[in-house]
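File shown: run12.pdb (PDB, C-alpha atoms and all ligand atoms).
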ATOM      1  CA  MET H  82     -30.973  94.877  -8.863
ATOM      2  CA  GLY H  83     -31.000  94.678 -12.614
ATOM      3  CA  GLY H  84     -27.824  95.025 -14.577
ATOM      4  CA  LYS H  85     -26.075  93.914 -17.656
ATOM      5  CA  PRO H  86     -25.649  90.160 -17.699
ATOM      6  CA  ASP H  87     -22.017  89.190 -17.823
ATOM      7  CA  SER H  88     -20.172  86.013 -17.168
ATOM      8  CA  ASP H  89     -17.379  87.771 -15.279
ATOM      9  CA  ASN H  90     -17.246  86.888 -11.664
ATOM     10  CA  VAL H  91     -16.350  90.445 -10.652
ATOM     11  CA  GLN H  92     -14.976  90.337  -7.131
ATOM     12  CA  TRP H  93     -15.434  92.808  -4.341
ATOM     13  CA  ASP H  94     -14.126  92.976  -0.866
ATOM     14  CA  SER H  95     -16.429  92.192   2.045
ATOM     15  CA  SER H  96     -15.196  95.326   3.802
ATOM     16  CA  THR H  97     -17.080  97.275   1.091
ATOM     17  CA  VAL H  98     -20.224  95.431   2.113
ATOM     18  CA  ALA H  99     -19.532  96.258   5.766
ATOM     19  CA  ASP H 100     -19.222  99.960   4.850
ATOM     20  CA  PHE H 101     -22.414  99.718   2.806
ATOM     21  CA  TYR H 102     -24.369  98.733   5.945
ATOM     22  CA  SER H 103     -22.558 100.855   8.493
ATOM     23  CA  GLY H 104     -24.595 104.046   8.191
ATOM     24  CA  GLU H 105     -26.338 105.480  11.205
ATOM     25  CA  THR H 106     -29.086 103.202  12.479
ATOM     26  CA  ALA H 107     -31.630 106.028  12.831
ATOM     27  CA  GLY H 108     -31.441 106.698   9.075
ATOM     28  CA  TRP H 109     -31.862 103.014   8.283
ATOM     29  CA  ARG H 110     -34.835 102.807  10.633
ATOM     30  CA  GLU H 111     -36.547 105.655   8.840
ATOM     31  CA  VAL H 112     -35.972 104.121   5.445
ATOM     32  CA  LEU H 113     -36.738 100.481   6.301
ATOM     33  CA  GLY H 114     -39.642 101.159   8.639
ATOM     34  CA  PRO H 115     -40.201  99.955  12.191
ATOM     35  CA  GLY H 116     -39.772  96.224  11.459
ATOM     36  CA  MET H 117     -36.294  96.799   9.973
ATOM     37  CA  HIS H 118     -36.539  94.032   7.429
ATOM     38  CA  TYR H 119     -34.172  94.462   4.505
ATOM     39  CA  HIS H 120     -35.475  92.000   2.017
ATOM     40  CA  PHE H 121     -38.262  92.247  -0.506
ATOM     41  CA  GLY H 122     -41.719  91.247   0.664
ATOM     42  CA  THR H 123     -43.512  88.105  -0.449
ATOM     43  CA  VAL H 124     -47.168  88.698  -1.239
ATOM     44  CA  ASP H 125     -49.335  87.801   1.766
ATOM     45  CA  PRO H 126     -52.611  86.822   0.114
ATOM     46  CA  THR H 127     -54.587  87.601   3.279
ATOM     47  CA  ARG H 128     -53.521  91.279   3.405
ATOM     48  CA  PRO H 129     -54.150  94.288   1.166
ATOM     49  CA  ILE H 130     -51.671  94.395  -1.701
ATOM     50  CA  ASP H 131     -50.304  97.817  -0.648
ATOM     51  CA  ASP H 132     -49.449  96.690   2.907
ATOM     52  CA  ALA H 133     -45.665  96.486   2.393
ATOM     53  CA  GLU H 134     -44.857  95.689   6.013
ATOM     54  CA  ALA H 135     -47.274  92.743   6.048
ATOM     55  CA  HIS H 136     -45.449  91.352   3.023
ATOM     56  CA  PHE H 137     -42.038  91.766   4.717
ATOM     57  CA  SER H 138     -43.289  89.748   7.675
ATOM     58  CA  PHE H 139     -44.970  87.200   5.437
ATOM     59  CA  ALA H 140     -41.613  86.554   3.755
ATOM     60  CA  ILE H 141     -40.386  85.248   7.111
ATOM     61  CA  ARG H 142     -43.604  83.410   8.017
ATOM     62  CA  GLN H 143     -43.393  81.616   4.702
ATOM     63  CA  LEU H 144     -40.233  79.938   5.998
ATOM     64  CA  TYR H 145     -41.934  78.591   9.141
ATOM     65  CA  PRO H 146     -42.819  75.170   7.681
ATOM     66  CA  TRP H 147     -39.052  74.610   7.490
ATOM     67  CA  ILE H 148     -38.250  76.078  10.914
ATOM     68  CA  PRO H 149     -39.783  73.923  13.661
ATOM     69  CA  VAL H 150     -40.932  75.681  16.844
ATOM     70  CA  ARG H 151     -38.046  76.183  19.327
ATOM     71  CA  SER H 152     -35.376  75.601  16.670
ATOM     72  CA  LYS H 153     -31.864  76.889  17.126
ATOM     73  CA  VAL H 154     -31.435  79.241  14.186
ATOM     74  CA  LEU H 155     -28.213  80.662  12.799
ATOM     75  CA  ASP H 156     -29.176  83.806  10.869
ATOM     76  CA  VAL H 157     -26.267  84.404   8.514
ATOM     77  CA  GLY H 158     -26.362  88.022   7.329
ATOM     78  CA  CYS H 159     -28.910  88.949   9.988
ATOM     79  CA  GLY H 160     -29.322  92.657   9.225
ATOM     80  CA  TRP H 161     -30.793  94.763  12.012
ATOM     81  CA  GLY H 162     -32.780  91.892  13.487
ATOM     82  CA  GLY H 163     -36.209  92.219  11.814
ATOM     83  CA  PRO H 164     -36.435  88.542  10.848
ATOM     84  CA  ALA H 165     -34.902  87.366  14.171
ATOM     85  CA  ARG H 166     -37.483  89.361  16.159
ATOM     86  CA  LEU H 167     -40.288  87.442  14.442
ATOM     87  CA  LEU H 168     -38.571  84.081  14.877
ATOM     88  CA  VAL H 169     -38.252  84.678  18.619
ATOM     89  CA  ASP H 170     -41.790  86.051  19.049
ATOM     90  CA  GLU H 171     -43.724  83.740  16.789
ATOM     91  CA  ARG H 172     -41.596  80.587  16.662
ATOM     92  CA  ASP H 173     -39.950  80.618  20.070
ATOM     93  CA  CYS H 174     -36.593  80.099  18.349
ATOM     94  CA  SER H 175     -33.202  80.778  19.878
ATOM     95  CA  VAL H 176     -31.341  82.825  17.320
ATOM     96  CA  HIS H 177     -27.678  83.558  16.701
ATOM     97  CA  GLY H 178     -27.233  86.368  14.185
ATOM     98  CA  ILE H 179     -24.080  86.934  12.160
ATOM     99  CA  THR H 180     -23.372  90.187  10.368
ATOM    100  CA  ILE H 181     -20.342  91.899   8.945
ATOM    101  CA  SER H 182     -21.558  95.290  10.190
ATOM    102  CA  LYS H 183     -20.940  96.495  13.757
ATOM    103  CA  THR H 184     -23.774  99.021  13.667
ATOM    104  CA  GLN H 185     -26.203  96.324  12.544
ATOM    105  CA  ALA H 186     -25.027  94.100  15.382
ATOM    106  CA  SER H 187     -25.687  96.859  17.965
ATOM    107  CA  GLU H 188     -29.204  97.366  16.667
ATOM    108  CA  PHE H 189     -29.760  93.594  16.508
ATOM    109  CA  ALA H 190     -28.687  93.255  20.162
ATOM    110  CA  ALA H 191     -31.086  96.026  21.239
ATOM    111  CA  ARG H 192     -33.970  94.764  19.103
ATOM    112  CA  VAL H 193     -33.613  91.084  19.966
ATOM    113  CA  PRO H 194     -31.967  90.969  23.400
ATOM    114  CA  GLU H 195     -32.899  87.283  23.778
ATOM    115  CA  ALA H 196     -30.653  86.423  20.817
ATOM    116  CA  ARG H 197     -26.900  86.280  20.372
ATOM    117  CA  VAL H 198     -25.103  88.265  17.700
ATOM    118  CA  SER H 199     -21.565  88.045  16.298
ATOM    119  CA  VAL H 200     -19.770  90.483  14.046
ATOM    120  CA  MET H 201     -17.807  88.390  11.587
ATOM    121  CA  ASP H 202     -17.308  87.586   7.943
ATOM    122  CA  ALA H 203     -19.469  84.543   7.265
ATOM    123  CA  GLN H 204     -16.905  83.399   4.715
ATOM    124  CA  GLU H 205     -14.630  82.645   7.658
ATOM    125  CA  LEU H 206     -17.152  80.509   9.443
ATOM    126  CA  ASP H 207     -14.868  77.517   9.319
ATOM    127  CA  LEU H 208     -12.138  79.545  11.038
ATOM    128  CA  GLU H 209     -14.324  80.522  13.951
ATOM    129  CA  PRO H 210     -16.704  77.622  14.415
ATOM    130  CA  VAL H 211     -20.122  78.408  15.751
ATOM    131  CA  ARG H 212     -19.784  76.336  18.893
ATOM    132  CA  ASP H 213     -23.509  76.080  19.435
ATOM    133  CA  ASP H 214     -24.642  74.175  16.331
ATOM    134  CA  ALA H 215     -27.905  75.173  14.676
ATOM    135  CA  ASP H 216     -30.954  73.189  13.607
ATOM    136  CA  VAL H 217     -31.462  75.633  10.751
ATOM    137  CA  ALA H 218     -29.179  78.202   9.123
ATOM    138  CA  ILE H 219     -31.061  80.929   7.278
ATOM    139  CA  MET H 220     -29.617  83.256   4.665
ATOM    140  CA  LEU H 221     -32.047  85.985   3.643
ATOM    141  CA  GLU H 222     -30.760  88.088   0.752
ATOM    142  CA  SER H 223     -27.233  87.707   2.113
ATOM    143  CA  LEU H 224     -25.504  84.908   0.181
ATOM    144  CA  THR H 225     -25.409  86.965  -3.027
ATOM    145  CA  HIS H 226     -23.452  89.631  -1.114
ATOM    146  CA  MET H 227     -20.621  87.208  -0.444
ATOM    147  CA  PRO H 228     -17.921  86.960  -3.100
ATOM    148  CA  ARG H 229     -17.094  83.395  -2.002
ATOM    149  CA  PRO H 230     -20.420  81.612  -1.473
ATOM    150  CA  ASP H 231     -18.528  78.316  -1.664
ATOM    151  CA  LEU H 232     -16.604  79.172   1.521
ATOM    152  CA  VAL H 233     -19.761  80.185   3.371
ATOM    153  CA  LEU H 234     -21.685  77.046   2.517
ATOM    154  CA  ARG H 235     -18.797  74.670   3.209
ATOM    155  CA  GLY H 236     -18.158  76.472   6.475
ATOM    156  CA  LEU H 237     -21.801  76.185   7.475
ATOM    157  CA  ARG H 238     -22.179  72.498   6.684
ATOM    158  CA  PRO H 239     -20.815  71.113   9.980
ATOM    159  CA  HIS H 240     -22.877  73.616  11.998
ATOM    160  CA  ALA H 241     -26.318  73.468  10.412
ATOM    161  CA  GLY H 242     -28.769  70.581  10.053
ATOM    162  CA  ARG H 243     -30.811  72.461   7.474
ATOM    163  CA  LEU H 244     -30.056  75.404   5.223
ATOM    164  CA  LEU H 245     -32.681  77.895   4.049
ATOM    165  CA  ILE H 246     -31.631  80.366   1.386
ATOM    166  CA  ARG H 247     -33.960  83.094   0.137
ATOM    167  CA  ASP H 248     -32.155  85.197  -2.400
ATOM    168  CA  HIS H 249     -31.946  86.743  -5.850
ATOM    169  CA  VAL H 250     -31.305  84.433  -8.772
ATOM    170  CA  ALA H 251     -30.658  85.563 -12.350
ATOM    171  CA  ARG H 252     -33.705  85.065 -14.525
ATOM    172  CA  GLY H 253     -31.738  83.874 -17.511
ATOM    173  CA  GLU H 254     -29.146  81.163 -17.841
ATOM    174  CA  ILE H 255     -26.179  83.369 -17.031
ATOM    175  CA  GLY H 256     -25.400  84.722 -13.598
ATOM    176  CA  PHE H 257     -24.257  88.322 -13.337
ATOM    177  CA  THR H 258     -22.696  90.816 -10.973
ATOM    178  CA  ASN H 259     -24.253  94.109  -9.969
ATOM    179  CA  PRO H 260     -21.285  96.251  -8.890
ATOM    180  CA  ASP H 261     -23.511  99.017  -7.422
ATOM    181  CA  TRP H 262     -24.820  96.512  -4.920
ATOM    182  CA  ASN H 263     -21.699  94.393  -4.454
ATOM    183  CA  MET H 264     -23.841  91.401  -5.280
ATOM    184  CA  ARG H 265     -23.612  88.540  -7.697
ATOM    185  CA  PHE H 266     -26.801  86.861  -8.837
ATOM    186  CA  PRO H 267     -26.144  83.259  -9.784
ATOM    187  CA  SER H 268     -28.197  81.353 -12.326
ATOM    188  CA  ARG H 269     -30.445  78.595 -10.978
ATOM    189  CA  VAL H 270     -27.984  75.985 -12.165
ATOM    190  CA  GLU H 271     -25.128  77.802 -10.480
ATOM    191  CA  ILE H 272     -26.792  78.144  -7.070
ATOM    192  CA  ARG H 273     -27.882  74.487  -7.098
ATOM    193  CA  GLU H 274     -24.257  73.609  -7.783
ATOM    194  CA  GLN H 275     -23.046  75.862  -4.939
ATOM    195  CA  ILE H 276     -25.445  74.174  -2.516
ATOM    196  CA  LYS H 277     -24.297  70.728  -3.612
ATOM    197  CA  GLU H 278     -20.627  71.602  -3.435
ATOM    198  CA  GLY H 279     -21.224  72.977   0.060
ATOM    199  CA  GLY H 280     -22.152  69.431   1.048
ATOM    200  CA  PHE H 281     -25.932  70.011   1.243
ATOM    201  CA  ARG H 282     -28.652  68.029  -0.530
ATOM    202  CA  LEU H 283     -31.332  70.198  -2.127
ATOM    203  CA  GLU H 284     -34.780  69.216  -0.822
ATOM    204  CA  HIS H 285     -36.980  71.955  -2.193
ATOM    205  CA  GLU H 286     -36.811  75.044  -4.379
ATOM    206  CA  GLU H 287     -39.431  77.600  -5.202
ATOM    207  CA  ALA H 288     -39.679  80.916  -7.076
ATOM    208  CA  LEU H 289     -41.597  83.295  -4.786
ATOM    209  CA  GLU H 290     -44.313  85.792  -5.566
ATOM    210  CA  ILE H 291     -42.587  89.046  -4.675
ATOM    211  CA  SER H 292     -44.309  92.349  -3.947
ATOM    212  CA  TRP H 293     -41.669  94.222  -5.979
ATOM    213  CA  GLU H 294     -43.552  97.442  -6.657
ATOM    214  CA  VAL H 295     -45.091  97.596  -3.178
ATOM    215  CA  SER H 296     -41.749  97.093  -1.376
ATOM    216  CA  ALA H 297     -40.020  99.585  -3.694
ATOM    217  CA  ALA H 298     -42.750 102.230  -3.304
ATOM    218  CA  PHE H 299     -42.595 101.848   0.492
ATOM    219  CA  TRP H 300     -38.804 102.338   0.647
ATOM    220  CA  LEU H 301     -38.945 105.167  -1.892
ATOM    221  CA  GLU H 302     -41.571 107.055   0.085
ATOM    222  CA  ASN H 303     -39.483 106.644   3.265
ATOM    223  CA  ILE H 304     -36.337 107.870   1.474
ATOM    224  CA  ARG H 305     -38.211 110.922   0.201
ATOM    225  CA  ARG H 306     -39.483 111.642   3.697
ATOM    226  CA  ALA H 307     -36.020 111.164   5.217
ATOM    227  CA  PHE H 308     -34.297 113.317   2.574
ATOM    228  CA  PRO H 309     -36.874 115.981   1.710
ATOM    229  CA  VAL H 310     -34.361 118.418   0.239
ATOM    230  CA  PHE H 311     -31.059 116.723  -0.515
ATOM    231  CA  THR H 312     -30.568 113.694  -2.691
ATOM    232  CA  PRO H 313     -29.386 110.819  -0.538
ATOM    233  CA  ASP H 314     -25.867 109.548  -0.775
ATOM    234  CA  GLY H 315     -24.204 106.140  -0.615
ATOM    235  CA  GLN H 316     -26.401 103.156   0.117
ATOM    236  CA  PHE H 317     -29.645 105.151   0.156
ATOM    237  CA  LYS H 318     -28.847 106.591  -3.259
ATOM    238  CA  VAL H 319     -28.329 103.075  -4.628
ATOM    239  CA  LEU H 320     -31.600 101.949  -3.041
ATOM    240  CA  GLN H 321     -33.435 105.002  -4.363
ATOM    241  CA  ARG H 322     -32.254 104.275  -7.923
ATOM    242  CA  LEU H 323     -33.357 100.652  -7.661
ATOM    243  CA  CYS H 324     -36.781 101.564  -6.250
ATOM    244  CA  GLU H 325     -37.370 104.223  -8.907
ATOM    245  CA  SER H 326     -36.488 101.737 -11.599
ATOM    246  CA  ILE H 327     -38.908  99.133 -10.175
ATOM    247  CA  VAL H 328     -41.732 101.650  -9.699
ATOM    248  CA  ASN H 329     -41.275 103.164 -13.186
ATOM    249  CA  HIS H 330     -40.183 100.171 -15.253
ATOM    250  CA  GLY H 331     -41.215  97.051 -13.343
ATOM    251  CA  PRO H 332     -39.308  94.277 -11.551
ATOM    252  CA  PRO H 333     -35.597  93.691 -12.174
ATOM    253  CA  ASN H 334     -34.353  90.756 -14.196
ATOM    254  CA  VAL H 335     -33.984  88.469 -11.201
ATOM    255  CA  ASP H 336     -36.295  86.107  -9.343
ATOM    256  CA  ILE H 337     -36.285  85.671  -5.619
ATOM    257  CA  MET H 338     -36.160  81.999  -4.801
ATOM    258  CA  MET H 339     -36.206  79.851  -1.722
ATOM    259  CA  PHE H 340     -33.911  76.849  -1.481
ATOM    260  CA  VAL H 341     -34.164  74.291   1.311
ATOM    261  CA  ALA H 342     -31.250  71.897   1.717
ATOM    262  CA  GLU H 343     -30.196  69.328   4.295
TER     263      GLU H 343
HETATM  264  C1  LIG H 401     -29.771  92.745   2.299
HETATM  265  S1  LIG H 401     -29.195  92.593   3.938
HETATM  266  C2  LIG H 401     -30.356  91.396   4.567
HETATM  267  C3  LIG H 401     -30.505  91.483   6.058
HETATM  268  C4  LIG H 401     -31.473  90.490   6.705
HETATM  269  N1  LIG H 401     -31.162  89.132   6.322
HETATM  270  C5  LIG H 401     -32.909  90.805   6.396
HETATM  271  O1  LIG H 401     -33.491  90.039   5.628
HETATM  272  O2  LIG H 401     -33.437  91.775   6.935
HETATM  273  C6  LIG H 401     -27.698  91.626   3.746
HETATM  274  C7  LIG H 401     -27.047  91.204   5.035
HETATM  275  O3  LIG H 401     -25.923  90.357   4.769
HETATM  276  C8  LIG H 401     -24.857  90.726   5.619
HETATM  277  N2  LIG H 401     -23.578  90.308   5.019
HETATM  278  C9  LIG H 401     -23.140  90.567   3.769
HETATM  279  N3  LIG H 401     -21.905  90.026   3.572
HETATM  280  C10 LIG H 401     -21.574  89.415   4.735
HETATM  281  C11 LIG H 401     -20.457  88.637   5.163
HETATM  282  N4  LIG H 401     -19.421  88.408   4.346
HETATM  283  N5  LIG H 401     -20.465  88.129   6.414
HETATM  284  C12 LIG H 401     -21.517  88.365   7.252
HETATM  285  N6  LIG H 401     -22.611  89.074   6.904
HETATM  286  C13 LIG H 401     -22.647  89.581   5.659
HETATM  287  C14 LIG H 401     -24.989  92.226   5.733
HETATM  288  O4  LIG H 401     -24.289  92.705   6.847
HETATM  289  C15 LIG H 401     -26.514  92.332   5.885
HETATM  290  O5  LIG H 401     -26.853  92.103   7.218
END

As structure tokens - that is how I would like this structure written.
Ligand SMILES: C[S@@+](CC[C@H](N)C(=O)[O-])C[C@H]1O[C@@H](n2cnc3c(N)ncnc32)[C@H](O)[C@@H]1O
Amino acid sequence: MGGKPDSDNVQWDSSTVADFYSGETAGWREVLGPGMHYHFGTVDPTRPIDDAEAHFSFAIRQLYPWIPVRSKVLDVGCGWGGPARLLVDERDCSVHGITISKTQASEFAARVPEARVSVMDAQELDLEPVRDDADVAIMLESLTHMPRPDLVLRGLRPHAGRLLIRDHVARGEIGFTNPDWNMRFPSRVEIREQIKEGGFRLEHEEALEISWEVSAAFWLENIRRAFPVFTPDGQFKVLQRLCESIVNHGPPNVDIMMFVAE
């Protein structure tokens, strides 16, 4: 996720992001592991440091103080349903997932049949209102994928009582784009401004203790097992490069932060 800081707000099209996540689900399952979380883990102090999957789950459990039991949750950029599965099982939440990828939505529907899932561009949320308003909207490593975060947050405002963002933030003062990932990492000042302009009031922010090397080593090992002979292509190649860089040179020049806004 590193990259050369620049002040250019390089744009990309969300259809590129949809393509990025549209590979065959079986391949993704092998690489991400059975829980199918696609976010870095947060260190669970009660588990061994090399237990990557425990840290993926802990990243979701860490949000529970902000997600009351039986909440209606709108999971914006819901992936394949790893986080939603936990929210249903452990928090008795009713979840509506939104993703730009059809293949993710199919897996989400199979993995979390109790939940609802919509395939749509979250930047058009105001055009297709989520009729069933949410107590909490969560965005886990998804906002930085959206070239117009302002549209997403403004669109969400009428539909969400609380907003939880857990995402990458540039470590320095200048936000930057990583074109390999179709992601833009805002500075802390920038993301606070985005939240405010979306009509939310920031209640809490926190830089998280991320299990960078453990998550990266886990994904890397799974990629090597899934592609024993050929070098992976596309998204898996990008992920492999990132993981190798983290394992060999340490964490990228971003923090992962949680923002809670109402
Ligand atoms: C890194 S994955 C995170 C998935 C999931 N939140 C998790 O933690 O496992 C990013 C997610 O954002 C979704 N996404 C990116 N841009 C989107 C957009 N414009 N509208 C809806 N979903 C989007 C992708 O489809 C993907 O599900």

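Between atom CA of Ser103 of chain H and atom CA of Thr184 of chain H lies a distance of 5.6 Å.
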
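Proximity to Val295 of chain H was assessed for H:Phe189, H:Trp93, H:Trp109, H:Phe137 counting all atoms listed in the file; the smallest distance is recorded for H:Phe137.
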
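Picked by the PyMOL selection byres (((chain H and resi 296-301) around 8) and not hetatm) from the coordinates shown: Val112, Leu113, Phe121, Gly122, Ala133, Ser292, Trp293, Glu294, Val295, Glu302, Asn303, Ile304, Arg305, Gln321, Leu323, Cys324, Glu325, Ile327 and Val328 of chain H.
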
Subject >> Nearest to ligand LIG 401 (chain H) by atom-to-atom distance, counting all atoms listed in the file, from H:Asp231, H:Glu271, H:Asp156, H:Glu134 >> reply: H:Asp156

Enclose ligand LIG 401 (chain H), meaning all of its atoms listed in the file, in a box aligned along x, y and z, pad it by 8 Å on each side, and list the centre and edge lengths in Å to one decimal, as AutoDock Vina command-line options.
--center_x -26.5 --center_y 90.4 --center_z 4.8 --size_x 30.1 --size_y 20.6 --size_z 21.0

Counting all atoms listed in the file, which residues of chain H sit at most 7 Å from some atom of ligand LIG 401 (chain H), and what is each one's closest atom pair with its distance in Å to one decimal, listed by chain and rising residue number, as CSV?
residue,atom,partner,partner_atom,distance
H:Ser95,CA,H:LIG401,N4,5.3
H:Val98,CA,H:LIG401,N3,5.8
H:Ala99,CA,H:LIG401,O4,6.0
H:Tyr102,CA,H:LIG401,O4,6.1
H:Met117,CA,H:LIG401,O2,6.5
H:His118,CA,H:LIG401,O2,3.9
H:Tyr119,CA,H:LIG401,O2,3.7
H:His120,CA,H:LIG401,O1,4.6
H:Val157,CA,H:LIG401,N6,6.1
H:Gly158,CA,H:LIG401,O3,3.5
H:Cys159,CA,H:LIG401,N1,4.3
H:Gly160,CA,H:LIG401,O5,3.2
H:Trp161,CA,H:LIG401,O2,6.5
H:Gly162,CA,H:LIG401,O2,6.6
H:Gly163,CA,H:LIG401,O2,5.6
H:Pro164,CA,H:LIG401,O2,5.9
H:Ile179,CA,H:LIG401,C12,5.7
H:Thr180,CA,H:LIG401,N6,3.7
H:Ile181,CA,H:LIG401,C12,4.1
H:Ser182,CA,H:LIG401,O4,5.0
H:Gln185,CA,H:LIG401,O5,6.8
H:Met201,CA,H:LIG401,C12,5.7
H:Asp202,CA,H:LIG401,N5,3.5
H:Ala203,CA,H:LIG401,N5,3.8
H:Gln204,CA,H:LIG401,N4,5.6
H:Met220,CA,H:LIG401,N1,6.3
H:Leu221,CA,H:LIG401,N1,4.2
H:Glu222,CA,H:LIG401,C1,5.0
H:Ser223,CA,H:LIG401,O3,4.0
H:His226,CA,H:LIG401,N3,5.0
H:Met227,CA,H:LIG401,N3,5.1

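The space separating atom CA of Ser187 of chain H from atom CA of Arg166 of chain H comes to 14.1 Å.
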
Subject >> Two-atom distance - atom CA of Gly114 of chain H, atom CA of Ala191 of chain H (Å) >> reply: 16.1 Å

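Put simply, the PyMOL selection byres (((chain H and resi 175) around 7) and not hetatm) on this file hits H:Arg151, H:Ser152, H:Lys153, H:Val154, H:Val169, H:Asp173, H:Cys174, H:Val176, H:His177, H:Ala196.
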